[in-house]
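Each remark here refers to the structure printed beneath this line.
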Amino acid sequence: MSLAGIIWCKNEYEEQAKGTWLSPFSLYFINGGYNIMKRTAEVIINLPTRKITNTFTYLVPDEIEDLAAGWRVLVPFGSRKTEGFIVSVSEGDGCELKSIISVIDDGPWFTPHMLTVATWLSEFYLCTRAEAMRLFIPGKAGIKTTTAYQAITGTEAETKLAQRTEIERKIYEYLAAKGPKSASQLKRLFGSDTQKILRRLGTAGLVTTESSVRRTAKAQYQTYWYLAKPNDADSLDEKLKNKPAQRRLIAALSRAQQMNASDLKQLNISRDTVKTLLEAGIIVAGQTRLVRDSYSQSANQPSHFLLTTTQRAVLDQIIPTVNQRKFCPFLLHGITGSGKTQIYIEAAAITRQIGRQVVVLVPEIALTGQIVDRFKRRFGDDVVVLHSKLSVGERFDTWQRLQSGTAGIVIGARSAIFAPVNDPGLFILDEEHEFTYKQEESPHYHARDVALKRAELAGAPVVFGSATPAVETYYNALNSKYKLLSLPERVDGAVLPDVTVVDMREELKNGKRSVISEPLQHLLASTLARGEQAIILLNRRGYSTFVLCRECGYVMTCSRCAVSLVYHTTGSVLRCHYCQAREATPDVCPSCGSRYIRYFGTGTQKVEEELIQLLPGARIIRMDQDTTSGKAAYDRILTAFAAGEYDILLGTQMVAKGHDIKNVTAVGIISADTALNLPDFRAAEKSFALLTQAAGRAGRGELPGRVVVQTYNPDHYAITAGAKHDYAAFYEHEIELRRELGYPPYTRLIKFTVQGQDEIKARRLAEDIAATLRKLQFDWAVIGPFPAPVAKISNVYRMHILLKVSDILGAGTAIRAAGLEFNGEVAIDVDPMNVL
């Protein structure tokens, strides 16, 4: 700092210091002048951009004495106010620094454990620290900033206005008359060019902006009323005999002790009545904290299960690591219906007995309701739920209950791995093989790896459960990186279902053109005749997968993506399943004008139509993305099906996982080889897992199960092993192919996706990056660049580069050293689950 700056600081603060050397500031001589030592904070700015990677230093206000690492704060940043995360606080030179405006929470949001995990995430997955820390926040931000435009008035403005265009004058006059308005409000009134016009008006000095900040979520309270003097109720009844509404309220409060607005509405008591009694001091108002919880009505009745000998042996290996606070990864390999969930519950009970918290992950939101029900029967209100379908307010309340320790078990989908448990003692990933545990946008984290890191830091075991473990997980277990536990039999003496594989090529030769084969038709008819239920899986939604002109061969494709449009009968529209664009179904070919339009392929809507024709009177419910957009849609459908309100549950992959419905004795898999045709080295693994998991829904009670698998590749090893429920056979074949081709687990992968609206520029950038990677001379194989299998999405062209590496941490260091990790046109995926 210059001497002038030192003197400025001295003059600014000397009066407050009142001649005292150290209170409230530390002043000491440097080169004959004063240096003012103030508390400063290093802050990460929470903005959705990868261009801001460094921290910024802010002055800590004197009135916030206990500010430390982990707090969320409101700070000035350029012309705006935004959220920041404090990562360190120290004594420093406070001159010429902007000051923190305020704190967002009543205490630190991030624990030291969270900050350590966030740093690891940013380093391992090559993302910014802001991206990593946002994962620990419901809704990714603690505040929402709203910008409003307002007119600058006065004589000078009138002179400037005379030189503006007609539309500019209209917008200005509207703002002058109506007051501040947001850009979206103005755009609705004045059209799509409004934003450009506002910028011109701002440059001309006719319009200015003002920002307002509010918290995205906060505690919700409910007002209630009670009698000030309950013993006076009888005497009040006499005094108010001519005021029936007031008497009714007093009588009701005498019985119920306290009432809220909903109670008053049921009694038809007005707010005026309440106000009168409040002013008279007869009743008193209070407030109570509301906890928003969509799962509050889940079962709370206790249930008890006797563990089998095998289950007890498995549990006996997990319990010591819980009690000893020891990090230990387990792979619980149990066939479908073997009782893995009961192992989770018993391990969680031991963890709660020693006062530690539990994190339970499921791969799909659709599976949350059923496992929550099981856990709540055992643990009641100690269980909370986290997933993206819940409102920000619900997630905020759950977050606070976990932070305060008033809840000890959190169950949720992938994002629940970032739940703010203060003392995690057990992590559980059910169906750990599922690719949905991998996030597809940055940061491209895998919940399995985050669980391992959090467990390692906390000193806690991790249990990975699956009937079809990921190839890498099983490999790690066989090589003693994880401890392998087995449940080879179903509980209660149930047996695995018989599986019939139907070669659809033979069906076609025999003149059978229905998407539902003859064996599956017979199975469904006999199942329904016995009053039992069936599940039908087709991992493709919509009605027809593409629409083609038979005259010229033109296929209706998305104008923004390099994919065909899918026909949906609901609304009779063509939809893109990538960018969600919609187009009207054409009557004639857009290319040649022909009317010979044909719908090809089969989706869940078409199967539903055929089932209705084949099984008149059958009660069918469909569960796919089109029918489950609401928050509780999954649970409503599954609850209704489990209650016997429907005979057949038809859907995409979400019907194949985790459901335990005793009356389901039949499963039909319409097209078992759909994923086998994808250009992805994990295609066989995904096909085997989906087939095995779907088949495992049948025969989970006392009744035996049967499964029909329809395929055009009946001899593929994934199909034959799946039909036999033989994971070992599948693994042996798959691991040998991975070894020969150099794919995980024998190497690690890093995928670069170069994106751009200009195809040529995107290709050139990809070529430059590939050349840079080869010049680094690191021990990796650089494959590409090559066009992504889906080469364009939402008018953005995509090129892939694939790295095969043995040292994943060293590779990350090399990529960062080359400055490639924060290029806005490049997405980097460490350990990608697919290469599409």
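FYI, nothing fancy with the structure tokens labels: chains A, B, ... in order, residues from 1 per chain, ligands from 1 as they appear.
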
Residues near range 718-722 of chain A, cut-off 6 Å, only C-alpha atoms, skip fewer than 3 positions along chain, as number ranges by chain: A: 684, 688, 692, 725-726, 730

Every residue of range 421-467 of chain A that DSSP places in strand (DSSP E or B), as a PyMOL selection string: chain A and resi 424-430+438+446+461-466

Write out as a tab-separated table (two decimals) with all heavy atoms, in the first residue's frame which residues come within 6 Å of range 786-797 of chain A when counting only C-alpha atoms, dropping same-chain ones fewer than 6 positions away.
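Result file follows (out11.tsv):
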chain	number	residue	atom	x	y	z
A	560	ARG	N	-33.75	-28.66	-34.69
A	560	ARG	CA	-32.71	-28.17	-33.78
A	560	ARG	C	-31.75	-29.26	-33.33
A	560	ARG	O	-30.70	-28.97	-32.77
A	560	ARG	CB	-33.36	-27.52	-32.55
A	560	ARG	CG	-34.34	-26.41	-32.90
A	560	ARG	CD	-35.09	-25.89	-31.69
A	560	ARG	NE	-34.20	-25.15	-30.80
A	560	ARG	CZ	-34.09	-25.35	-29.50
A	560	ARG	NH1	-34.81	-26.31	-28.92
A	560	ARG	NH2	-33.28	-24.63	-28.77
A	561	CYS	N	-32.14	-30.54	-33.55
A	561	CYS	CA	-31.31	-31.67	-33.11
A	561	CYS	C	-31.17	-32.68	-34.23
A	561	CYS	O	-32.04	-32.78	-35.11
A	561	CYS	CB	-31.92	-32.34	-31.87
A	561	CYS	SG	-32.28	-31.23	-30.50
A	562	ALA	N	-30.11	-33.46	-34.19
A	562	ALA	CA	-29.88	-34.47	-35.22
A	562	ALA	C	-30.55	-35.79	-34.84
A	562	ALA	O	-29.91	-36.84	-34.76
A	562	ALA	CB	-28.38	-34.66	-35.42
A	579	CYS	N	-34.61	-31.76	-27.08
A	579	CYS	CA	-34.82	-30.34	-26.78
A	579	CYS	C	-36.27	-30.04	-26.43
A	579	CYS	O	-36.62	-28.89	-26.14
A	579	CYS	CB	-34.39	-29.47	-27.96
A	579	CYS	SG	-35.48	-29.57	-29.41
A	755	GLN	N	-18.55	-28.04	-28.00
A	755	GLN	CA	-19.87	-27.62	-28.46
A	755	GLN	C	-19.82	-26.24	-29.10
A	755	GLN	O	-19.03	-25.39	-28.69
A	755	GLN	CB	-20.85	-27.58	-27.27
A	755	GLN	CG	-20.88	-28.87	-26.48
A	755	GLN	CD	-21.64	-28.74	-25.18
A	755	GLN	OE1	-22.79	-29.09	-25.10
A	755	GLN	NE2	-20.98	-28.24	-24.15
A	756	GLY	N	-20.66	-26.05	-30.09
A	756	GLY	CA	-20.73	-24.74	-30.74
A	756	GLY	C	-21.85	-24.68	-31.75
A	756	GLY	O	-22.23	-25.70	-32.34
A	757	GLN	N	-22.37	-23.48	-31.98
A	757	GLN	CA	-23.45	-23.32	-32.95
A	757	GLN	C	-22.93	-23.32	-34.38
A	757	GLN	O	-23.71	-23.52	-35.32
A	757	GLN	CB	-24.22	-22.03	-32.67
A	757	GLN	CG	-24.96	-22.08	-31.34
A	757	GLN	CD	-25.83	-20.88	-31.11
A	757	GLN	OE1	-25.56	-19.79	-31.61
A	757	GLN	NE2	-26.90	-21.06	-30.35
A	759	GLU	N	-20.72	-25.43	-36.82
A	759	GLU	CA	-20.18	-26.79	-36.90
A	759	GLU	C	-18.70	-26.80	-37.23
A	759	GLU	O	-17.91	-27.55	-36.64
A	759	GLU	CB	-20.96	-27.60	-37.93
A	759	GLU	CG	-20.53	-29.06	-38.01
A	759	GLU	CD	-21.36	-29.86	-39.00
A	759	GLU	OE1	-22.13	-29.25	-39.77
A	759	GLU	OE2	-21.21	-31.10	-39.01
A	836	LEU	N	-22.37	-41.19	-25.66
A	836	LEU	CA	-23.33	-40.69	-26.65
A	836	LEU	C	-23.30	-39.17	-26.70
A	836	LEU	O	-22.89	-38.50	-25.76
A	836	LEU	CB	-24.73	-41.18	-26.30
A	836	LEU	CG	-24.92	-42.70	-26.29
A	836	LEU	CD1	-26.35	-43.05	-25.94
A	836	LEU	CD2	-24.55	-43.28	-27.65

Alpha helix (DSSP H) residues, from DSSP on the backbone, in range 342-482 of chain A, as JSON, numbers by chain: {"A": [342, 343, 344, 345, 346, 347, 348, 349, 350, 351, 352, 353, 368, 369, 370, 371, 372, 373, 374, 375, 376, 377, 378, 379, 392, 393, 394, 395, 396, 397, 398, 399, 400, 401, 402, 403, 404, 447, 448, 449, 450, 451, 452, 453, 454, 455, 456, 457, 458, 471, 472, 473, 474, 475, 476, 477, 478]}

Residue nearest Lys481 in chain A - candidates A:Pro329, A:Pro586, A:Gly393, A:Gly191, atoms counted: only C-alpha atoms: A:Pro329

Residues within 7 Å of range 707-717 of chain A, only C-alpha atoms, excluding chain neighbours under 6 positions, as a PyMOL selection string: chain A and resi 497-505+520+666-673+695+730

Nearby residues (only C-alpha atoms) at most 8 Å from Arg129 in chain A, same-chain spacing under 2 positions excluded, as a ChimeraX atom specification: /A:44,53,118-119,121-122,127,131-133

Saved selection, atoms kept: all heavy atoms, as an mmCIF file, in the first residue's frame:
data_model
loop_
_atom_site.group_PDB
_atom_site.id
_atom_site.type_symbol
_atom_site.label_atom_id
_atom_site.label_comp_id
_atom_site.auth_asym_id
_atom_site.auth_seq_id
_atom_site.Cartn_x
_atom_site.Cartn_y
_atom_site.Cartn_z
ATOM 1 N N ILE A 44 -16.054 -16.980 -2.648
ATOM 2 C CA ILE A 44 -16.350 -17.547 -3.961
ATOM 3 C C ILE A 44 -17.708 -17.007 -4.400
ATOM 4 O O ILE A 44 -18.692 -17.091 -3.663
ATOM 5 C CB ILE A 44 -16.378 -19.085 -3.907
ATOM 6 C CG1 ILE A 44 -14.964 -19.616 -3.658
ATOM 7 C CG2 ILE A 44 -16.946 -19.675 -5.188
ATOM 8 C CD1 ILE A 44 -14.901 -21.107 -3.430
ATOM 9 N N THR A 53 -13.190 -18.136 -11.735
ATOM 10 C CA THR A 53 -12.615 -19.292 -11.036
ATOM 11 C C THR A 53 -11.872 -18.910 -9.761
ATOM 12 O O THR A 53 -11.604 -19.774 -8.936
ATOM 13 C CB THR A 53 -11.639 -20.033 -11.970
ATOM 14 O OG1 THR A 53 -10.604 -19.126 -12.376
ATOM 15 C CG2 THR A 53 -12.362 -20.545 -13.207
ATOM 16 N N ALA A 118 -16.244 -30.308 -1.330
ATOM 17 C CA ALA A 118 -16.392 -29.405 -2.474
ATOM 18 C C ALA A 118 -15.046 -29.177 -3.162
ATOM 19 O O ALA A 118 -14.960 -29.154 -4.402
ATOM 20 C CB ALA A 118 -16.999 -28.081 -2.019
ATOM 21 N N THR A 119 -13.986 -29.023 -2.383
ATOM 22 C CA THR A 119 -12.653 -28.847 -2.964
ATOM 23 C C THR A 119 -12.247 -30.092 -3.738
ATOM 24 O O THR A 119 -11.718 -30.005 -4.863
ATOM 25 C CB THR A 119 -11.627 -28.544 -1.863
ATOM 26 O OG1 THR A 119 -12.004 -27.342 -1.188
ATOM 27 C CG2 THR A 119 -10.236 -28.382 -2.442
ATOM 28 N N LEU A 121 -14.281 -32.291 -5.117
ATOM 29 C CA LEU A 121 -15.120 -32.347 -6.320
ATOM 30 C C LEU A 121 -14.547 -31.479 -7.434
ATOM 31 O O LEU A 121 -14.473 -31.902 -8.598
ATOM 32 C CB LEU A 121 -16.540 -31.881 -5.986
ATOM 33 C CG LEU A 121 -17.485 -32.885 -5.328
ATOM 34 C CD1 LEU A 121 -18.672 -32.158 -4.697
ATOM 35 C CD2 LEU A 121 -17.986 -33.898 -6.352
ATOM 36 N N SER A 122 -14.157 -30.256 -7.082
ATOM 37 C CA SER A 122 -13.655 -29.337 -8.110
ATOM 38 C C SER A 122 -12.359 -29.844 -8.720
ATOM 39 O O SER A 122 -12.122 -29.667 -9.919
ATOM 40 C CB SER A 122 -13.468 -27.932 -7.525
ATOM 41 O OG SER A 122 -12.426 -27.909 -6.575
ATOM 42 N N CYS A 127 -14.181 -29.004 -12.268
ATOM 43 C CA CYS A 127 -15.211 -27.973 -12.291
ATOM 44 C C CYS A 127 -14.775 -26.828 -11.380
ATOM 45 O O CYS A 127 -13.769 -26.937 -10.670
ATOM 46 C CB CYS A 127 -16.556 -28.537 -11.835
ATOM 47 S SG CYS A 127 -16.602 -29.093 -10.112
ATOM 48 N N GLU A 131 -19.340 -24.245 -8.681
ATOM 49 C CA GLU A 131 -20.192 -25.335 -9.163
ATOM 50 C C GLU A 131 -20.288 -26.439 -8.123
ATOM 51 O O GLU A 131 -21.365 -27.002 -7.890
ATOM 52 C CB GLU A 131 -19.635 -25.907 -10.468
ATOM 53 C CG GLU A 131 -19.815 -25.021 -11.682
ATOM 54 C CD GLU A 131 -19.198 -25.640 -12.924
ATOM 55 O OE1 GLU A 131 -17.980 -25.916 -12.904
ATOM 56 O OE2 GLU A 131 -19.913 -25.837 -13.912
ATOM 57 N N ALA A 132 -19.162 -26.762 -7.504
ATOM 58 C CA ALA A 132 -19.147 -27.838 -6.506
ATOM 59 C C ALA A 132 -19.937 -27.441 -5.259
ATOM 60 O O ALA A 132 -20.710 -28.238 -4.728
ATOM 61 C CB ALA A 132 -17.704 -28.181 -6.140
ATOM 62 N N MET A 133 -19.787 -26.214 -4.796
ATOM 63 C CA MET A 133 -20.458 -25.791 -3.570
ATOM 64 C C MET A 133 -21.958 -25.622 -3.773
ATOM 65 O O MET A 133 -22.748 -25.810 -2.843
ATOM 66 C CB MET A 133 -19.823 -24.499 -3.054
ATOM 67 C CG MET A 133 -18.368 -24.698 -2.623
ATOM 68 S SD MET A 133 -17.542 -23.203 -2.051
ATOM 69 C CE MET A 133 -18.230 -23.060 -0.397
#

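Proximity to Ser466 in chain A was assessed for A:Leu528, A:Ile750, A:Leu332, A:Ala419 counting only C-alpha atoms; the smallest distance is recorded for A:Leu332.
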
Interatomic distance (Å, one decimal) between CA of Ser415 in chain A and CA of Ile318 in chain A: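 That distance, rounded to one decimal, is 24.8 Å.
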